[in-house]
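The data block below is final_4.tsv; it holds TSV, C-alpha atoms.
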```
chain	number	residue	atom	x	y	z
A	1	MET	CA	0.00	0.00	0.00
A	2	LYS	CA	1.31	3.42	-0.93
A	3	GLU	CA	2.39	5.47	2.04
A	4	ILE	CA	0.64	8.83	2.13
A	5	LYS	CA	2.98	11.69	2.99
A	6	PHE	CA	1.65	13.93	5.74
A	7	ASN	CA	2.44	17.17	3.96
A	8	THR	CA	0.13	16.36	1.05
A	9	ASP	CA	-2.63	14.95	3.27
A	10	PHE	CA	-3.69	18.16	4.91
A	11	GLU	CA	-2.59	20.76	2.43
A	12	SER	CA	-6.19	21.67	1.63
A	13	LEU	CA	-6.89	22.29	5.32
A	14	LEU	CA	-3.54	23.59	6.51
A	15	SER	CA	-0.90	25.64	4.75
A	16	PRO	CA	2.31	23.82	3.73
A	17	LEU	CA	4.22	25.58	6.51
A	18	GLU	CA	1.55	24.67	9.08
A	19	SER	CA	1.80	21.04	7.97
A	20	ALA	CA	5.59	21.14	8.17
A	21	VAL	CA	5.53	22.61	11.68
A	22	LEU	CA	3.00	20.01	12.81
A	23	SER	CA	5.09	17.20	11.35
A	24	VAL	CA	7.98	18.36	13.55
A	25	LEU	CA	5.80	18.61	16.65
A	26	TRP	CA	4.30	15.14	16.16
A	27	PRO	CA	4.78	12.67	17.79
A	28	ASP	CA	3.92	14.43	21.03
A	29	ARG	CA	6.92	16.68	21.33
A	30	LYS	CA	7.29	19.78	23.45
A	31	MET	CA	9.42	22.28	21.61
A	32	LYS	CA	10.50	25.92	21.59
A	33	VAL	CA	9.98	28.07	18.49
A	34	ARG	CA	13.72	28.28	17.84
A	35	LYS	CA	14.13	24.49	18.05
A	36	ILE	CA	11.35	23.91	15.50
A	37	TYR	CA	12.96	26.54	13.28
A	38	GLU	CA	16.33	24.79	13.51
A	39	GLN	CA	14.76	21.48	12.47
A	40	LEU	CA	12.97	22.99	9.47
A	41	LYS	CA	15.74	25.32	8.32
A	42	PRO	CA	17.78	22.70	6.40
A	43	GLU	CA	14.64	21.57	4.54
A	44	MET	CA	13.12	24.91	3.60
A	45	SER	CA	13.93	28.59	3.39
A	46	VAL	CA	11.92	30.04	6.26
A	47	ALA	CA	12.34	32.83	8.83
A	48	LEU	CA	12.18	32.31	12.59
A	49	SER	CA	9.44	34.93	12.82
A	50	SER	CA	7.35	33.00	10.24
A	51	ILE	CA	7.53	29.87	12.41
A	52	ALA	CA	6.39	31.96	15.39
A	53	VAL	CA	3.42	33.26	13.36
A	54	ILE	CA	2.47	29.74	12.23
A	55	LEU	CA	2.64	28.36	15.77
A	56	ASP	CA	0.46	31.18	17.03
A	57	ARG	CA	-2.10	30.42	14.29
A	58	LEU	CA	-2.07	26.72	15.14
A	59	HIS	CA	-2.57	27.69	18.78
A	60	GLN	CA	-5.52	29.90	17.87
A	61	LYS	CA	-7.03	27.04	15.84
A	62	GLY	CA	-6.74	24.79	18.90
A	63	ILE	CA	-4.35	22.38	17.18
A	64	VAL	CA	-1.35	23.06	19.44
A	65	GLY	CA	-1.10	24.12	23.07
A	66	ARG	CA	1.59	26.24	24.70
A	67	ASP	CA	3.16	26.90	28.08
A	68	ILE	CA	5.49	29.68	29.16
A	69	GLU	CA	8.89	28.56	30.43
A	70	THR	CA	11.05	30.98	32.40
A	71	GLY	CA	14.78	30.82	31.82
A	72	ARG	CA	17.89	32.90	32.46
A	73	GLY	CA	17.35	35.06	29.41
A	74	GLY	CA	13.65	35.66	29.95
A	75	VAL	CA	10.66	33.57	28.88
A	76	ARG	CA	9.95	31.20	26.02
A	77	TYR	CA	6.83	29.51	24.71
A	78	ILE	CA	6.90	25.72	24.69
A	79	TYR	CA	4.53	24.37	22.04
A	80	PHE	CA	3.03	20.88	21.98
A	81	PRO	CA	0.37	19.14	19.87
A	82	LEU	CA	-3.05	18.95	21.52
A	83	LYS	CA	-4.06	15.92	19.44
A	84	ASP	CA	-1.97	13.14	17.97
A	85	ARG	CA	-2.10	12.63	14.23
A	86	LYS	CA	-4.93	10.07	14.35
A	87	GLN	CA	-7.09	12.19	16.63
A	88	PHE	CA	-6.46	15.18	14.39
A	89	GLU	CA	-7.49	13.21	11.28
A	90	LYS	CA	-10.62	12.03	13.08
A	91	SER	CA	-11.56	15.55	14.11
A	92	ILE	CA	-11.17	16.75	10.50
A	93	ILE	CA	-13.41	13.95	9.20
A	94	GLU	CA	-15.94	14.71	11.91
A	95	THR	CA	-15.99	18.43	11.05
A	96	THR	CA	-16.31	17.70	7.33
A	97	VAL	CA	-19.13	15.16	7.77
A	98	ASN	CA	-20.98	17.44	10.19
A	99	SER	CA	-20.78	20.39	7.81
A	100	LEU	CA	-22.03	18.20	4.89
A	101	ILE	CA	-25.00	16.98	6.95
A	102	GLU	CA	-25.70	20.53	8.08
A	103	ARG	CA	-25.68	21.82	4.51
A	104	PHE	CA	-27.37	18.97	2.64
A	105	GLY	CA	-29.40	17.28	5.42
A	106	ASN	CA	-31.12	14.03	4.38
A	107	ALA	CA	-29.44	14.00	0.97
A	108	ALA	CA	-26.03	13.76	2.64
A	109	VAL	CA	-27.22	11.08	5.12
A	110	GLY	CA	-28.75	9.07	2.27
A	111	TYR	CA	-25.53	9.30	0.30
A	112	PHE	CA	-23.44	8.11	3.25
A	113	ASN	CA	-25.80	5.13	3.80
A	114	GLU	CA	-25.46	4.22	0.15
A	115	ARG	CA	-21.67	4.42	0.29
A	116	PHE	CA	-21.44	2.43	3.54
A	117	SER	CA	-23.65	-0.39	2.22
A	118	GLU	CA	-21.51	-0.50	-0.97
A	119	GLU	CA	-18.38	-0.72	1.16
A	120	ARG	CA	-19.89	-3.52	3.27
A	121	LYS	CA	-20.82	-5.54	0.15
A	122	ARG	CA	-17.17	-5.43	-0.95
B	1	MET	CA	-34.95	91.08	33.09
B	2	LEU	CA	-36.02	88.68	30.37
B	3	CYS	CA	-34.10	85.46	30.02
B	4	ASN	CA	-32.92	86.13	26.49
B	5	GLU	CA	-31.61	89.51	27.52
B	6	CYS	CA	-29.83	87.83	30.37
B	7	TYR	CA	-27.99	85.41	28.09
B	8	ALA	CA	-27.33	87.91	25.31
B	9	GLY	CA	-26.13	90.38	27.91
B	10	PHE	CA	-23.20	88.10	28.62
B	11	PHE	CA	-21.66	89.00	25.27
B	12	MET	CA	-22.15	92.71	25.90
B	13	GLU	CA	-20.03	92.79	29.02
B	14	PRO	CA	-16.45	93.84	28.13
B	15	LEU	CA	-14.88	92.13	31.15
B	16	LYS	CA	-16.44	88.74	30.39
B	17	MET	CA	-15.57	89.01	26.72
B	18	SER	CA	-11.99	89.96	27.59
B	19	ILE	CA	-11.68	86.87	29.80
B	20	ILE	CA	-12.99	84.63	27.00
B	21	THR	CA	-10.72	86.24	24.39
B	22	ALA	CA	-7.71	85.89	26.70
B	23	SER	CA	-8.54	82.24	27.29
B	24	LEU	CA	-8.82	81.52	23.55
B	25	MET	CA	-5.54	83.37	22.92
B	26	LEU	CA	-3.93	81.25	25.61
B	27	ALA	CA	-5.32	78.09	23.92
B	28	ILE	CA	-3.80	79.09	20.59
B	29	GLY	CA	-0.52	80.15	22.18
B	30	SER	CA	-0.16	76.93	24.14
B	31	LEU	CA	-0.94	74.86	21.02
B	32	LEU	CA	1.84	76.71	19.18
B	33	MET	CA	4.18	75.82	22.06
B	34	VAL	CA	3.16	72.15	21.74
B	35	ILE	CA	4.04	72.00	18.06
B	36	ARG	CA	7.21	74.12	18.41
B	37	LYS	CA	10.23	72.08	17.36
B	38	ASN	CA	12.46	73.05	20.28
B	39	SER	CA	10.01	72.16	23.07
B	40	SER	CA	10.98	69.30	25.36
B	41	SER	CA	8.60	66.44	26.18
B	42	SER	CA	7.71	67.85	29.59
B	43	GLN	CA	7.02	71.29	28.09
B	44	ARG	CA	4.82	69.71	25.43
B	45	ILE	CA	2.85	67.81	28.07
B	46	PHE	CA	2.39	70.98	30.15
B	47	PHE	CA	1.26	73.08	27.17
B	48	THR	CA	-1.10	70.35	25.96
B	49	TYR	CA	-2.93	70.37	29.28
B	50	LEU	CA	-2.88	74.19	29.31
B	51	HIS	CA	-4.32	74.20	25.79
B	52	VAL	CA	-7.17	71.84	26.72
B	53	PHE	CA	-7.89	73.85	29.87
B	54	ALA	CA	-7.86	77.21	28.06
B	55	LEU	CA	-10.16	75.84	25.39
B	56	VAL	CA	-12.69	74.32	27.79
B	57	PHE	CA	-12.61	77.31	30.15
B	58	PRO	CA	-14.76	79.74	28.03
B	59	PHE	CA	-17.57	77.15	27.84
B	60	ALA	CA	-17.52	76.54	31.58
B	61	PHE	CA	-17.36	80.32	32.14
B	62	TYR	CA	-20.37	80.90	29.90
B	63	PHE	CA	-22.37	78.12	31.58
B	64	LEU	CA	-21.66	79.58	35.00
B	65	PHE	CA	-22.09	83.27	34.24
B	66	SER	CA	-24.43	83.45	31.29
B	67	GLY	CA	-27.61	83.86	33.29
B	68	CYS	CA	-28.59	86.51	35.77
B	69	GLN	CA	-27.07	84.23	38.36
B	70	ALA	CA	-24.85	81.20	38.34
B	71	PHE	CA	-26.64	78.14	36.92
B	72	TYR	CA	-29.64	80.31	36.14
B	73	THR	CA	-32.32	77.90	35.04
B	74	GLY	CA	-35.51	79.71	35.83
B	75	CYS	CA	-36.48	80.40	32.21
B	76	SER	CA	-36.60	76.91	30.88
B	77	LYS	CA	-37.39	73.39	31.99
B	78	LEU	CA	-34.92	72.14	29.44
B	79	LEU	CA	-31.93	74.03	30.83
B	80	PRO	CA	-31.45	71.99	34.03
B	81	ILE	CA	-31.41	68.83	31.90
B	82	ILE	CA	-28.86	70.32	29.50
B	83	TYR	CA	-26.68	71.46	32.42
B	84	LEU	CA	-26.94	68.05	34.07
B	85	ILE	CA	-26.07	66.11	30.91
B	86	GLY	CA	-23.34	68.60	29.98
B	87	PHE	CA	-21.61	68.60	33.35
B	88	THR	CA	-22.03	64.85	33.91
B	89	GLY	CA	-20.62	64.19	30.44
B	90	LEU	CA	-17.69	66.53	30.98
B	91	LEU	CA	-16.94	65.11	34.40
B	92	SER	CA	-17.16	61.53	33.10
B	93	ALA	CA	-14.87	62.38	30.17
B	94	VAL	CA	-12.27	63.96	32.46
B	95	ILE	CA	-12.37	61.22	35.10
B	96	GLY	CA	-12.57	58.51	32.43
B	97	SER	CA	-9.60	59.86	30.50
B	98	LEU	CA	-7.51	60.20	33.62
B	99	ALA	CA	-8.48	56.80	35.00
B	100	ALA	CA	-8.31	54.91	31.69
B	101	PRO	CA	-4.51	54.44	31.65
B	102	LEU	CA	-4.54	53.31	35.29
B	103	VAL	CA	-7.31	50.79	34.61
B	104	PHE	CA	-5.48	49.62	31.47
B	105	LEU	CA	-2.25	49.18	33.45
B	106	TYR	CA	-4.03	47.33	36.24
B	107	ILE	CA	-5.73	44.91	33.82
B	108	LYS	CA	-2.53	44.36	31.82
B	109	ALA	CA	-0.42	43.77	34.94
B	110	LYS	CA	-3.05	41.42	36.39
B	111	SER	CA	-3.01	39.24	33.27
B	112	SER	CA	0.78	39.34	32.95
B	113	ARG	CA	3.63	37.75	34.89
B	114	SER	CA	6.64	39.59	36.22
B	115	LEU	CA	10.03	38.92	34.69
B	116	LYS	CA	11.96	36.46	36.80
B	117	SER	CA	15.21	36.42	34.86
B	118	ASN	CA	18.03	37.48	37.19
B	119	ASP	CA	20.33	38.36	34.31
B	120	LEU	CA	17.88	40.69	32.62
B	121	GLN	CA	16.75	42.16	35.94
B	122	LYS	CA	20.37	43.06	36.77
B	123	PHE	CA	20.76	44.58	33.31
B	124	ILE	CA	17.64	46.74	33.82
B	125	GLU	CA	18.77	47.85	37.29
B	126	THR	CA	22.23	48.86	36.04
B	127	GLU	CA	20.94	50.73	32.99
B	128	SER	CA	18.17	52.47	34.95
B	129	SER	CA	20.60	53.80	37.53
B	130	LEU	CA	23.01	54.97	34.78
B	131	LEU	CA	20.14	56.78	33.09
B	132	GLY	CA	18.88	58.17	36.38
B	133	VAL	CA	15.41	56.67	36.29
B	134	LYS	CA	13.59	54.53	38.82
B	135	THR	CA	14.05	50.82	37.99
B	136	PRO	CA	10.94	49.77	36.09
B	137	LYS	CA	9.04	46.59	36.82
B	138	VAL	CA	9.00	44.33	33.77
B	139	TYR	CA	5.82	42.41	33.00
B	140	ILE	CA	5.55	39.59	30.50
B	141	ILE	CA	2.31	39.53	28.50
B	142	ASP	CA	1.05	36.11	27.42
B	143	GLU	CA	0.95	37.00	23.73
B	144	ALA	CA	2.81	35.65	20.70
B	145	SER	CA	2.87	38.96	18.82
B	146	PRO	CA	6.24	40.62	19.50
B	147	VAL	CA	5.35	43.84	21.31
B	148	ALA	CA	6.97	46.05	23.94
B	149	PHE	CA	5.79	49.27	25.52
B	150	SER	CA	6.42	51.26	28.65
B	151	PHE	CA	4.48	53.52	30.95
B	152	SER	CA	5.85	55.96	33.48
B	153	ASN	CA	3.28	56.25	36.21
B	154	ILE	CA	3.94	56.21	39.98
B	155	ARG	CA	6.35	53.36	39.26
B	156	PRO	CA	7.60	52.94	35.71
B	157	VAL	CA	6.65	49.69	34.03
B	158	ILE	CA	7.75	47.90	30.88
B	159	PHE	CA	5.49	45.35	29.19
B	160	MET	CA	7.04	42.78	26.87
B	161	SER	CA	5.24	39.94	25.15
B	162	ALA	CA	6.44	36.35	25.49
B	163	GLY	CA	6.52	36.24	21.68
B	164	LEU	CA	9.24	38.89	21.67
B	165	PHE	CA	11.55	36.53	23.56
B	166	ASP	CA	10.77	33.74	21.08
B	167	ILE	CA	12.19	35.57	18.08
B	168	LEU	CA	14.81	37.93	19.53
B	169	ASN	CA	18.20	36.97	20.92
B	170	ARG	CA	19.62	38.30	24.17
B	171	ARG	CA	21.34	41.37	22.69
B	172	GLU	CA	18.22	42.26	20.70
B	173	ILE	CA	16.08	42.01	23.85
B	174	GLU	CA	18.54	44.32	25.61
B	175	SER	CA	18.30	46.82	22.75
B	176	VAL	CA	14.50	46.86	23.15
B	177	LEU	CA	14.82	47.35	26.92
B	178	LEU	CA	17.24	50.26	26.43
B	179	HIS	CA	14.81	51.80	23.93
B	180	GLU	CA	11.96	51.54	26.46
B	181	LEU	CA	14.12	52.93	29.29
B	182	MET	CA	14.71	56.07	27.22
B	183	HIS	CA	10.96	56.38	26.71
B	184	ILE	CA	10.52	56.23	30.49
B	185	LYS	CA	13.20	58.89	30.95
B	186	SER	CA	11.53	61.16	28.35
B	187	GLY	CA	8.01	60.54	29.61
B	188	THR	CA	6.86	59.48	26.14
B	189	SER	CA	3.81	57.65	27.47
B	190	ALA	CA	2.63	60.87	29.16
B	191	LEU	CA	3.22	62.75	25.90
B	192	LYS	CA	1.19	60.17	23.97
B	193	PHE	CA	-1.58	60.37	26.55
B	194	SER	CA	-1.67	64.17	26.52
B	195	ALA	CA	-1.76	64.09	22.71
B	196	PHE	CA	-4.76	61.76	22.96
B	197	LEU	CA	-6.44	64.10	25.47
B	198	ALA	CA	-5.80	67.11	23.28
B	199	ARG	CA	-7.35	65.40	20.27
B	200	LEU	CA	-10.30	64.34	22.42
B	201	PHE	CA	-11.12	67.78	23.81
B	202	SER	CA	-9.69	70.24	21.32
B	203	PRO	CA	-10.77	70.67	17.70
B	204	LEU	CA	-7.73	72.90	17.21
B	205	ALA	CA	-5.40	70.06	18.22
B	206	SER	CA	-6.65	67.98	15.31
B	207	PHE	CA	-4.58	70.27	13.05
B	208	THR	CA	-1.49	68.64	14.49
B	209	THR	CA	-1.04	64.86	14.54
B	210	PHE	CA	1.84	65.02	17.06
B	211	ARG	CA	3.57	62.69	14.59
B	212	HIS	CA	6.69	64.81	14.41
B	213	GLU	CA	7.01	64.94	18.21
B	214	LEU	CA	6.40	61.20	18.64
B	215	ASN	CA	8.80	60.34	15.81
B	216	ALA	CA	11.45	62.49	17.49
B	217	GLU	CA	10.89	60.52	20.73
B	218	GLU	CA	11.30	57.22	18.85
B	219	GLU	CA	14.49	58.48	17.26
B	220	ARG	CA	15.88	59.57	20.60
B	221	ALA	CA	15.10	56.16	22.15
B	222	ASP	CA	16.73	54.39	19.18
B	223	ASN	CA	19.83	56.57	19.43
B	224	PHE	CA	20.17	55.91	23.14
B	225	SER	CA	19.88	52.15	22.63
B	226	ALA	CA	22.48	52.19	19.83
B	227	THR	CA	24.85	54.40	21.83
B	228	ARG	CA	24.68	52.15	24.91
B	229	GLN	CA	25.28	49.03	22.81
B	230	GLY	CA	27.92	50.70	20.67
B	231	THR	CA	26.15	49.51	17.52
B	232	THR	CA	22.82	49.79	15.74
B	233	ARG	CA	23.03	46.13	14.67
B	234	HIS	CA	20.95	44.58	17.46
B	235	LEU	CA	18.17	47.16	17.44
B	236	LYS	CA	18.03	47.02	13.65
B	237	SER	CA	17.78	43.22	13.54
B	238	ALA	CA	15.17	43.30	16.34
B	239	LYS	CA	13.05	45.71	14.31
B	240	GLU	CA	13.48	43.62	11.18
B	241	LYS	CA	12.31	40.47	12.97
B	242	VAL	CA	9.31	42.23	14.50
B	243	ASN	CA	8.34	43.77	11.15
B	244	SER	CA	8.75	40.41	9.45
B	245	PHE	CA	6.42	38.80	12.03
B	246	PHE	CA	3.66	41.34	11.42
B	247	SER	CA	4.03	41.43	7.64
B	248	PHE	CA	3.85	37.62	7.47
B	249	SER	CA	0.75	37.66	9.72
B	250	ILE	CA	-0.93	40.19	7.42
B	251	GLN	CA	0.10	38.16	4.36
B	252	LEU	CA	-1.56	35.05	5.82
B	253	ARG	CA	-4.73	36.93	6.68
B	254	ASN	CA	-5.11	38.22	3.10
```
Rewrite the structure from the file as structure tokens, please.
Amino acid sequence: MKEIKFNTDFESLLSPLESAVLSVLWPDRKMKVRKIYEQLKPEMSVALSSIAVILDRLHQKGIVGRDIETGRGGVRYIYFPLKDRKQFEKSIIETTVNSLIERFGNAAVGYFNERFSEERKR
Amino acid sequence: MLCNECYAGFFMEPLKMSIITASLMLAIGSLLMVIRKNSSSSQRIFFTYLHVFALVFPFAFYFLFSGCQAFYTGCSKLLPIIYLIGFTGLLSAVIGSLAAPLVFLYIKAKSSRSLKSNDLQKFIETESSLLGVKTPKVYIIDEASPVAFSFSNIRPVIFMSAGLFDILNRREIESVLLHELMHIKSGTSALKFSAFLARLFSPLASFTTFRHELNAEEERADNFSATRQGTTRHLKSAKEKVNSFFSFSIQLRN
């Protein structure tokens, strides 16, 4: 079976840079902005400030969480994923299905039933 | 005496008209002092308040002495309501404008954490004493956007966002702190606040944006930071990183 690369999976839902940042944070890592930047820097041309913007956006979307760590030189945000990859995929499917049912009502439910029974027959 | 005569009579009295003219002249004169290039920050703040006072004074004077007696309301049922709304509004505006920065500071400080870095705290103490200002308390705002601002109240305070520390290195953070210390020394926050007050109360003040004065303050703070560090490199790179953060944010939003 062909392995699906993460970066192409979610590109329609997340920007390429958001996907790249998430791929560094998974599996369940706690990382500072600078550390994520250092990991991505050899792979792509990106600024530290852009990584900070992306992490803040992911935080606002509820995809990553953050804590403040106090050190000698001041404070730093520590970012971590709020959901693992599977949970994240599930939540996307759930949101998509819910929005389809909300928009198309019985037509969407009927279509899903049809598809599920076809799948079962196989 | 009829009411209308009473009110119109106000403008016929040379003494009252002289007081009003003098007050308006003072308002114009003080505004000219505010926008004068050579004025210092403290002079600008003083003349801004004088300008607002001199501009509001004729109205208060007319309200008090326009009738046959102070707060003369016998002619109309509407007048007491106008006086009440007018004075309540004015009082609320004055108290509100004066209390607003204090409330803002209180809310900001309450939702922030104080800086616990010994190294940076020592740096601030040393630089404050060299500059001759009271050591400010540094608060960290839980915000990813890289921002820093200061306020010189009873005790000077500097607010810095956690996001600022994420993208700036140690020397860049120090350059920002030096910049803010100079603002505290110059009383820039008070100048900004008085500029806001002037625009709020004075239509004449809207002719000046205070941009020149505030730009001069920024330049002075930048120069101080660069002089203390012996280079403009750190402040320049700090500004570049901050600008890059905001321009990328805007780019993503569009």
At a cut-off of 12 Å, which residues of chain A touch chain B? Count all atoms listed in the file and give the answer as number ranges by chain. A: 14-15, 17-18, 31-37, 46-60, 66-79
Emit the selected residues as a short mmCIF file (atom, residue, chain, number, x, y, z; two decimals), in the coordinates of the input, including C-alpha atoms.
```
data_model
loop_
_atom_site.label_atom_id
_atom_site.label_comp_id
_atom_site.auth_asym_id
_atom_site.auth_seq_id
_atom_site.Cartn_x
_atom_site.Cartn_y
_atom_site.Cartn_z
CA LEU A 14 -3.54 23.59 6.51
CA SER A 15 -0.90 25.64 4.75
CA LEU A 17 4.22 25.58 6.51
CA GLU A 18 1.55 24.67 9.08
CA MET A 31 9.42 22.28 21.61
CA LYS A 32 10.50 25.92 21.59
CA VAL A 33 9.98 28.07 18.49
CA ARG A 34 13.72 28.28 17.84
CA LYS A 35 14.13 24.49 18.05
CA ILE A 36 11.35 23.91 15.50
CA TYR A 37 12.96 26.54 13.28
CA VAL A 46 11.92 30.04 6.26
CA ALA A 47 12.34 32.83 8.83
CA LEU A 48 12.18 32.31 12.59
CA SER A 49 9.44 34.93 12.82
CA SER A 50 7.35 33.00 10.24
CA ILE A 51 7.53 29.87 12.41
CA ALA A 52 6.39 31.96 15.39
CA VAL A 53 3.42 33.26 13.36
CA ILE A 54 2.47 29.74 12.23
CA LEU A 55 2.64 28.36 15.77
CA ASP A 56 0.46 31.18 17.03
CA ARG A 57 -2.10 30.42 14.29
CA LEU A 58 -2.07 26.72 15.14
CA HIS A 59 -2.57 27.69 18.78
CA GLN A 60 -5.52 29.90 17.87
CA ARG A 66 1.59 26.24 24.70
CA ASP A 67 3.16 26.90 28.08
CA ILE A 68 5.49 29.68 29.16
CA GLU A 69 8.89 28.56 30.43
CA THR A 70 11.05 30.98 32.40
CA GLY A 71 14.78 30.82 31.82
CA ARG A 72 17.89 32.90 32.46
CA GLY A 73 17.35 35.06 29.41
CA GLY A 74 13.65 35.66 29.95
CA VAL A 75 10.66 33.57 28.88
CA ARG A 76 9.95 31.20 26.02
CA TYR A 77 6.83 29.51 24.71
CA ILE A 78 6.90 25.72 24.69
CA TYR A 79 4.53 24.37 22.04
#
```
So which residues touch Thr96 (chain A) within 12 Å, counting only C-alpha atoms, skipping near sequence neighbours fewer than 6 positions away, as a PyMOL selection string? chain A and resi 13+89-90+102-103+108
Write the residues of the preceding selection, restricted to C-alpha atoms, as a PDB file, keeping the file's coordinate frame.
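Written output follows (result_15.pdb):
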```pdb
ATOM      1  CA  LEU A  13      -6.890  22.290   5.320  1.00  0.00           C
ATOM      2  CA  GLU A  89      -7.490  13.210  11.280  1.00  0.00           C
ATOM      3  CA  LYS A  90     -10.620  12.030  13.080  1.00  0.00           C
ATOM      4  CA  GLU A 102     -25.700  20.530   8.080  1.00  0.00           C
ATOM      5  CA  ARG A 103     -25.680  21.820   4.510  1.00  0.00           C
ATOM      6  CA  ALA A 108     -26.030  13.760   2.640  1.00  0.00           C
TER       7      ALA A 108
END
```
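What separates CA of Val147 (chain B) from CA of Phe159 (chain B) is a distance of 8.0 Å.
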Quick one: residues within 8 Å of Ser175 (chain B), only C-alpha atoms counted, chain neighbours fewer than 4 positions away excluded, as a ChimeraX atom specification? /B:171,179,225-226,229,234-235,238
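Note that the spacing between CA of Glu118 (chain A) and CA of Gly105 (chain A) amounts to 20.5 Å.
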Between CA of Pro81 (chain A) and CA of Met44 (chain A), measure the distance and give it in Å to one decimal. 21.5 Å
Taking all atoms listed in the file into account, which of B:Thr188, B:Asn38, B:Ser23, B:Thr126 comes nearest Pro58 (chain B)? B:Ser23
Completion step: region 76-89 of chain A with N, CA and C atoms as an mmCIF file, in the frame of the given file:
```
data_model
loop_
_atom_site.group_PDB
_atom_site.id
_atom_site.type_symbol
_atom_site.label_atom_id
_atom_site.label_comp_id
_atom_site.auth_asym_id
_atom_site.auth_seq_id
_atom_site.Cartn_x
_atom_site.Cartn_y
_atom_site.Cartn_z
ATOM 1 N N ARG A 76 10.093 31.824 27.338
ATOM 2 C CA ARG A 76 9.950 31.200 26.020
ATOM 3 C C ARG A 76 8.631 30.432 26.006
ATOM 4 N N TYR A 77 8.001 30.379 24.847
ATOM 5 C CA TYR A 77 6.830 29.510 24.710
ATOM 6 C C TYR A 77 7.305 28.095 24.416
ATOM 7 N N ILE A 78 6.658 27.128 25.013
ATOM 8 C CA ILE A 78 6.900 25.720 24.690
ATOM 9 C C ILE A 78 5.615 25.229 24.023
ATOM 10 N N TYR A 79 5.713 24.822 22.782
ATOM 11 C CA TYR A 79 4.530 24.370 22.040
ATOM 12 C C TYR A 79 4.451 22.849 22.040
ATOM 13 N N PHE A 80 3.239 22.340 22.028
ATOM 14 C CA PHE A 80 3.030 20.880 21.980
ATOM 15 C C PHE A 80 1.700 20.593 21.260
ATOM 16 N N PRO A 81 1.627 19.439 20.569
ATOM 17 C CA PRO A 81 0.370 19.140 19.870
ATOM 18 C C PRO A 81 -0.736 18.770 20.858
ATOM 19 N N LEU A 82 -1.939 19.271 20.610
ATOM 20 C CA LEU A 82 -3.050 18.950 21.520
ATOM 21 C C LEU A 82 -3.688 17.609 21.162
ATOM 22 N N LYS A 83 -3.514 17.211 19.894
ATOM 23 C CA LYS A 83 -4.060 15.920 19.440
ATOM 24 C C LYS A 83 -2.948 15.191 18.700
ATOM 25 N N ASP A 84 -2.942 13.839 18.797
ATOM 26 C CA ASP A 84 -1.970 13.140 17.970
ATOM 27 C C ASP A 84 -2.525 13.087 16.554
ATOM 28 N N ARG A 85 -1.729 12.570 15.640
ATOM 29 C CA ARG A 85 -2.100 12.630 14.230
ATOM 30 C C ARG A 85 -3.460 11.975 13.961
ATOM 31 N N LYS A 86 -3.671 10.797 14.584
ATOM 32 C CA LYS A 86 -4.930 10.070 14.350
ATOM 33 C C LYS A 86 -6.135 10.856 14.855
ATOM 34 N N GLN A 87 -5.981 11.402 16.052
ATOM 35 C CA GLN A 87 -7.090 12.190 16.630
ATOM 36 C C GLN A 87 -7.384 13.419 15.753
ATOM 37 N N PHE A 88 -6.307 14.001 15.238
ATOM 38 C CA PHE A 88 -6.460 15.180 14.390
ATOM 39 C C PHE A 88 -7.215 14.820 13.112
ATOM 40 N N GLU A 89 -6.819 13.675 12.499
ATOM 41 C CA GLU A 89 -7.490 13.210 11.280
ATOM 42 C C GLU A 89 -8.975 12.985 11.554
#
```
